[in-house]
Structure formats: C-alpha cells, structure tokens
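Undergrad: Once you've had a glance at the structure underneath, I'll fire off some questions.
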There are 2 protein chains.
Amino acid sequence: MTGIDDVARASGVSTATVSRALRGLPNVSDATRARVSLAAHELGYVASSSASGLATGRTLAMGVVVPSLDLWFYSTVIEGVDSALRAASYDLILFNLGGRRGDRERVFHRSILRKRTDALIALCIDFTEDERKQLASTGHPTIVVGGKVRGLPHVDIDECAAARQATEHLIGLGHTRIAHLGGTVIEGLTREVTDQRRRGYLEAMANAGLTPRDELTMAGDFDMASARRAMTELLSRSSERPTALYADSDEMAMGAMLAITDAGLRVPDDISVIGIDDHDLAESFGLTTIAQEPFAQGALAARLLLDELGGRTSRTRSVRHPVHLIERASTAPPR
Amino acid sequence: MTGIDDVARASGVSTATVSRALRGLPNVSDATRARVSLAAHELGYVASSSASGLATGRTLAMGVVVPSLDLWFYSTVIEGVDSALRAASYDLILFNLGGRRGDRERVFHRSILRKRTDALIALCIDFTEDERKQLASTGHPTIVVGGKVRGLPHVDIDECAAARQATEHLIGLGHTRIAHLGGTVIEGLTREVTDQRRRGYLEAMANAGLTPRDELTMAGDFDMASARRAMTELLSRSSERPTALYADSDEMAMGAMLAITDAGLRVPDDISVIGIDDHDLAESFGLTTIAQEPFAQGALAARLLLDELGGRTSRTRSVRHPVHLIERASTAPPR
DNA sequence: TTGAAAGCGATACCAA
DNA sequence: TTGGTATCGCTTTCAA
C-alpha cells in the first residue's frame with residue numbers, strides 16, 4: 001500500500017507539503033500542488049482514515065442508529081442522511097439494533113462509543129439516561145429523527161397535527177364512523193409517533209363531536225402484513241362497518257386497503273382510507289396521505305450535525321419538518 | 001475523553017498491560033486483569049478505533065456497497081450481513097450508490113479505498129476492470145452477493161435453475177400461456193439475475209414445447225409499482241390473457257397480483273402467479289415463490305470474509321446458496 | 001512556500 | 001507476568 005512518504009518521495013517534497021497540497025490547504029504553490037496531485041494519482045494514493053483520524057481527531061464518518069431496515073420510514077431516512085453525507089464526503093456507519101434484545105448494549109458500547117464517528121443520528125431511538133450521559137461524554141453531537149429524547153435535539157414533524165389533519169380530512173368528507181389503526185409502542189424506541197398521532201386522531205374526533213368506538217380501534221406494527229390481518233379481523237367481526245379508516249402509517253393503510261379488497265369491498269366506495277408518510281407505493285395505491293418526507297428529514301438531520309461539526313453553528317437545535325396532505329383516490333364522501 | 005494512559009495510571013500498570021488485559025490477551029494475571037477492567041469501566045474508557053486501527057492495520061469494520069436501500073433484497077441482505085458482523089464485533093459501513101451517476105467514482109475513491117474497512121461486500125455491483133484492480137491493490141478481501149464479477153468470489157443462487165423451477169411449477173399445473181415479467185438490466189450492476197432468470201424461464205418453456213409470446217413479455221424494475229403498471233397494461237391490451245405469470249421478483253409478482261385484482265380478475269382463478277424471493281409480504285399475499293433467503297446469503301458472505309480475515313481460510317471461494325419452492329395460494333391449475 | 005519534528009492513542013516487540 | 005519504547009501514517013506547529 002502506498003503511503004504519504006511514497007508520494008513525497010515521488011514528487012520531491014516533504015510529507016507535510018503533500019498533506020497540505022492534497023487537502024487543498026492554502027500556502028502551497030500551484031506548481032507544487034500539481035506535481036503532488038499527479039504523483040498521488042499515479043501511485044493511487046489515498047490517505048488512511050485511521051491515521052488522519054488519529055491525527056485530527058475527526059473520523060469523517062457519521063453513525064446512524066436504526067431499529068431495523070424493513071420499514072420504509074427507516075430506510076428512506078437513511079437514504080436522506082446518506083445523500084447529505086455523501087455531499088460532504090462523510091461515510092455512513094450503520095448501527096442496526098435489529099431485533100435481539102441485549103445486543104443494544106453491545107452495539108452501544110463496542111461501537112458507538114469507540115470514536116469511530118464524529119456524530120450520531122438516531123432514528124426513533126429512545127436513549128436511557130445512562131446512554132445519554134455516555135453519549136454526552138464522547139462529545140459527539142447527536143440528533144434524533146422521529147421522536148424526542150430529553151436533552152437531545154431532534155428533527156420531527158408535528159405528529160399530533162398530522163394525525164389530526166388526516167382525521168379531519170375524513171370528517172370533512174362527511175365520515176363519522178372512522179376506524180383507527182394505530183402503531184404499537186416498542187420498548188427502547190420513542191413513543192411520540194404512536195402516542196401523539198393517537199392524540200391527534202382523538203382531538204379531531206372530539207372537535208367534531210364524534211365518539212371513537214372501541215370496536216373500530218386496531219393496532220399494528222406499522223407494516224402491511226399486520227395491518228392487513230387487523231383490518232380483516234375487524235371487517236369479519238364488526239356488525240357495523242366503518243366508512244373510513246385512519247392509519248398511523250401508509251404501510252398500514254395499504255395493508256388495510258388490501259384487507260378491504262380481500263373482503264370484497266371497495267376503496268373508497270365502501271371505506272375511505274388515509275395514512276401518514278407518502279410511501280413510495282402510495283401513488284400506485286391511490287392512497288390519500290399526509291406526506292412527511294423522511295428523505296428530507298434525514299438529509300436535514302445530517303446537515304445540522306455537519307454544520308455543528310464544521311463550526312458553522314454552535315449547538316444543534318431541534319427542527320420541525322412540515323407535512324402536507326396529498327389527496328388521492330382512497331378518500332371520498334361516504335355513500 | 002479518557003485515554004489508555006488514564007486507565008494505566010488508575011490501575012497502576014503500564015499502558016501495554018492495559019491493552020493486553022482489555023483485549024483478553026494471554027499472559028496477564030487474573031488480579032491485574034480484574035483491576036484494569038474495573039478501572040476502565042469506571043472511567044468509561046473505550047479504545048479509539050483510529051488509534052488501534054493505525055497500530056494493528058485492522059479497522060474492525062466491513063464495507064457494504066449497495067445500489068440502493070429500497071429493494072427488499074438489498075435491505076435484507078444488509079440485515080444478514082449486519083447480524084454476522086455484530087456477532088464478530090465488526091462495524092458496518094454502508095456505501096450507497098443510490099441513483100446519481102458519477103457519484104460512483106467518488107464513493108469508490110474517497111471512501112472505499114480509504115482503508116476504513118478490512119473487507120468489502122458488494123450487492124449486485126458489477127465492478128469495472130479498473131475498479132477491480134484498485135480493490136485488489138488494497139488487499140481487502142471482497143465478495144459479491146447477487147451476481148458474478150470476473151475475478152471475485154461470490155455468494156449467489158442458481159438463477160437459471162430458480163426461474164426454471166418456478167416456470168416448471170406453472171407448467172406442471174397445466175399452464176401453457178405463461179407471461180414473463182422480467183427485471184431490467186441496470187448499468188453498473190450485475191446482469192446475472194435478469195439474464196439467467198430469463199434463460200431459466202425460456203428453458204422451461206422450450207423443454208415443455210411451449211413458445212413464449214412477445215405480447216406476454218414484460219419488463220419492470222424489480223419493484224411493485226412498475227410491475228403493477230406493466231401488468232395493467234398487458235391486461236388491457238392483450239386479446240388473449242395469460243393463465244399464469246412468472247415474475248423475476250416477489251415484489252413484481254405482488255405488483256402483478258394487484259394489477260390482476262384491479263382488473264377485476266382473481267388469483268389464481270383467472271391467473272396464477274409465481275415469483276422469486278420469498279419476500280416478507282409473500283405469505284400475506286399468498287404468493288407461491290422460490291425462496292432464496294437473502295438474509296442468509298448476506299450473513300454467509302460476511303462470515304466468509306471474516307474467516308479469511310481471521311486466517312481461518314486462505315482465499316474466499318464462491319458459494320452457491322440453495323433455493324426452494326414454497327407453494328402458496330397464488331398458483332393453481334388453469335380453469 | 002516549504003521542511004523538520006513533535007504529537008495523536010493505541011499496539012507489539014524485546015527485555016526485565 | 002509486566003514495562004519500556006519503537007511504530008503505525010498522517011497532521012500540525014514552528015522555523016527556515
């Protein structure tokens with residue numbers, strides 16, 4: 001492997017100059033810089049990240065902690081983070097908490113605290129007080145996307161308002177029997193999404209003088225399969241069908257749409273459906289939804305941290321990302 | 001941040017001993033090891049990966065290059081890789097080529113070659129000769145999952161046989177008008193999946209004396225939305241409908257199922273559908289498929305590289321992962 | 001503008 | 001079993 005000395009030798013300058021030249025620092029003559037660049041290129045030299053990381057204290061890598069990869073929201077936020085990091089020549093280290101309990105501590109200790117990253121983005125992760133202290137002691141700026149953690153800045157949306165707006169859309173169309181398909185609260189993850197969205201739904205109902213019924217309330221895991229099961233079950237048991245359904249996520253909304261079709265009913269003729277996300281497939285399903293742009297949220301979170309690392313901002317503050325209703329074919333007035 | 005010297009001081013031994021004790025190396029008395037561990041724990045000491053990386057030449061991180069995150073196959077392979085890495089205390093660095101052309105070279109140069117990783121797993125990435133040479137020059141073991149690249153070992157399935165088996169399943173049920181929904185070849189990615197699966201389909205047809213018809217041949221992007229569109233289009237135009245459909249991926253198969261339902265037809269009554277993957281949602285859709293277990297493939301690829309890094313094997317060899325048919329409700333004899 | 005040399009924080013060899 | 005010390009490859013003063 002070629003090192004910096006090889007380049008220095010090849011271009012007849014010191015390693016100090018090579019370092020300066022290659023990183024675009026000032027006070028290097030154009031001629032020298034050209035010579036060094038050429039030599040480096042010919043030798044295929046690329047600086048070792050361990051070495052420069054050790055010397056500068058910067059790893060040029062950012063960590064992203066995720067609960068898993070199989071929810072559209074997570075993978076889309078990651079892609080957003082990635083695009084921002086790429087633009088800044090940062091690498092992305094993926095810490096997947098996926099499943100197994102207990103691994104969390106190992107991931108945390110062994111990896112996150114190992115100074116392998118300059119900053120950390122956590123998706124829907126609810127750090128314990130202890131974890132937060134350890135994070136703080138590393139001095140790494142940290143931000144949470146999709147939920148709040150006491151003491152940490154976050155990028156989020158107004159969960160409550162989003163759900164309220166979705167529900168109000170249904171109410172505005174004239175629906176009164178509106179079913180609720182909520183997500184489940186998972187230990188170790190933030191609970192804002194589930195809690196606040198339920199609140200938004202309830203507020204909208206209350207404001208309209210409507211009473212949510214227990215037999216029209218379901219829970220799912222934010223994914224399609226569980227939602228399809230839940231909705232199928234609801235349709236099979238309830239004597240009086242809902243005329244509309246609000247779901248905490250588009251994946252659940254689409255699962256419910258499938259269940260409705262499975263039951264020989266039609267969307268929106270028999271039941272209107274609205275979700276939150278604007279999932280890639282929402283358009284294909286003709287799903288009306290509240291768009292929350294996770295890609296943008298991820299990119300934003302990354303940029304906030306990069307700004308702090310670059311000294312362009314002092315301490316990262318929380319940012320609220322706007323949402324907007326997208327009307328498609330899955331919602332209509334009740335027949 | 002606490003360094004190794006702090007621990008050394010606190011436990012009254014040299015840094016050399018601290019290093020040995022903490023890494024579980026032999027020739028450290030139990031008493032000393034205990035004392036050091038305690039001190040390290042109390043001080044919250046975690047070794048800097050840059051420093052130990054520089055000293056040992058090992059980063060304890062593996063790179064994974066992916067075309068994107070929004071295909072189930074990719075994210076599932078990544079989760080498999082991740083689980084194997086976690087078991088070995090390795091970190092996962094994600095190189096997402098996602099979209100933009102041109103970024104590829106930057107990702108390649110700036111990141112992959114920066115010695116930030118000890119080894120590399122590429123998903124369906126078709127390296128150019130040049131890229132391969134550069135990779136080789138780093139000395140990092142590399143493996144490809146989902147396709148072949150000349151000169152590199154791979155983990156793959158018998159694409160041709162998988163598609164043949166799927167098609168034969170349909171033929172065995174008595175179908176003769178079997179539509180083909182293939183994936184698209186993408187520049188920069190391996191083409192085995194698309195090419196070999198088409199070959200498998202054609203072989204099965206030929207073996208049965210059947211002639212594939214042009215008007216029953218479609219292409220999609222391996223995802224649900226494009227498949228739904230393609231199938232909708234086919235159903236609307238073709239005078240004589242197919243009685244069965246083979247799709248290159250489950251996501252496309254499910255998209256086609258939706259299109260069939262959209263058209264007021266039924267699966268499998270009007271059209272049988274089979275895919276390849278065994279996607280998470282396949283069961284919910286009742287989709288008959290050829291399971292290829294990407295999670296296992298990812299974990300296997302990671303383990304092969306870890307074995308090579310650990311000196312337990314010399315040079316990583318290619319491995320073929322088995323597939324198997326899973327019969328569900330989407331296939332039946334033609335009416 | 002350039003170079004010499006002192007770190008950065010661990011590891012690993014050689015002595016003790 | 002332990003400690004001293006050179007070393008990993010690059011960055012960064014400080015002088016020249």
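Chain lettering (A, B, ...) mirrors the order of the structure tokens, residue numbering begins at 1 for each chain separately, and ligand numbering begins at 1 in order of display.
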Please identify all residues of chain A having at least one atom at most 10 Å from any atom of chain D, considering only C-alpha atoms (C1' of nucleotides), and return them as a list in words.
TA: Gly3, Ile4, Asp5, Thr15, Ala16, Ser19, Arg20, Ala47, Ser48, Ser49, Ser50, Ala51, Ser52, Gly53, Leu54, Ala55 and Thr56 of chain A
Undergrad: Taking only C-alpha atoms (C1' of nucleotides) into account, report as an NGL selection string which residues of chain C lie within 9 Å of chain A.
TA: :C and (1-3 or 7-9)
Undergrad: If you count only C-alpha atoms (C1' of nucleotides), which residues fall within 7 Å of Ile326 in chain A, apart from same-chain ones fewer than 2 positions away, as a PyMOL selection string?
TA: chain A and resi 288-291+324+328
Undergrad: Using only C-alpha atoms (C1' of nucleotides), which protein or nucleic acid residues come within 8 Å of Phe127 in chain B? Drop anything in the same chain fewer than 6 positions from it, and give the result as number ranges by chain.
TA: B: 149, 188-189
Undergrad: Would you save the residues of that selection, restricted to C-alpha atoms, as a short mmCIF file (atom, residue, chain, number, x, y, z; two decimals), in the first residue's frame?
TA:
```
data_model
loop_
_atom_site.label_atom_id
_atom_site.label_comp_id
_atom_site.auth_asym_id
_atom_site.auth_seq_id
_atom_site.Cartn_x
_atom_site.Cartn_y
_atom_site.Cartn_z
CA VAL B 149 -17.84 -10.38 -11.29
CA GLY B 188 -23.10 -0.80 -13.37
CA LEU B 189 -24.94 -3.68 -11.77
#
```
Undergrad: May I have the residues within 6 Å of range 266-283 of chain B as a list in words, using only C-alpha atoms (C1' of nucleotides) and disregarding those fewer than 2 positions away in the same chain?
TA: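 Close residues of range 266-283 of chain B: Thr243, Ala244, Leu245, Tyr246, Ala247, Asp248, Ser249, Asp250, Ala253, Thr261, Phe285, Gly286, Leu287, Thr288, Thr289, Ile290, Ala291, Gln292, Ser330, Thr331 and Ala332 of chain B.
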Undergrad: So that I can check the secondary structure, give me every residue of range 94-301 of chain A assigned strand (DSSP E) by backbone DSSP, as number ranges by chain.
TA: A: 94-96, 119-123, 142-145, 154-156, 178-183, 217-220, 244-247, 272-277, 288-291
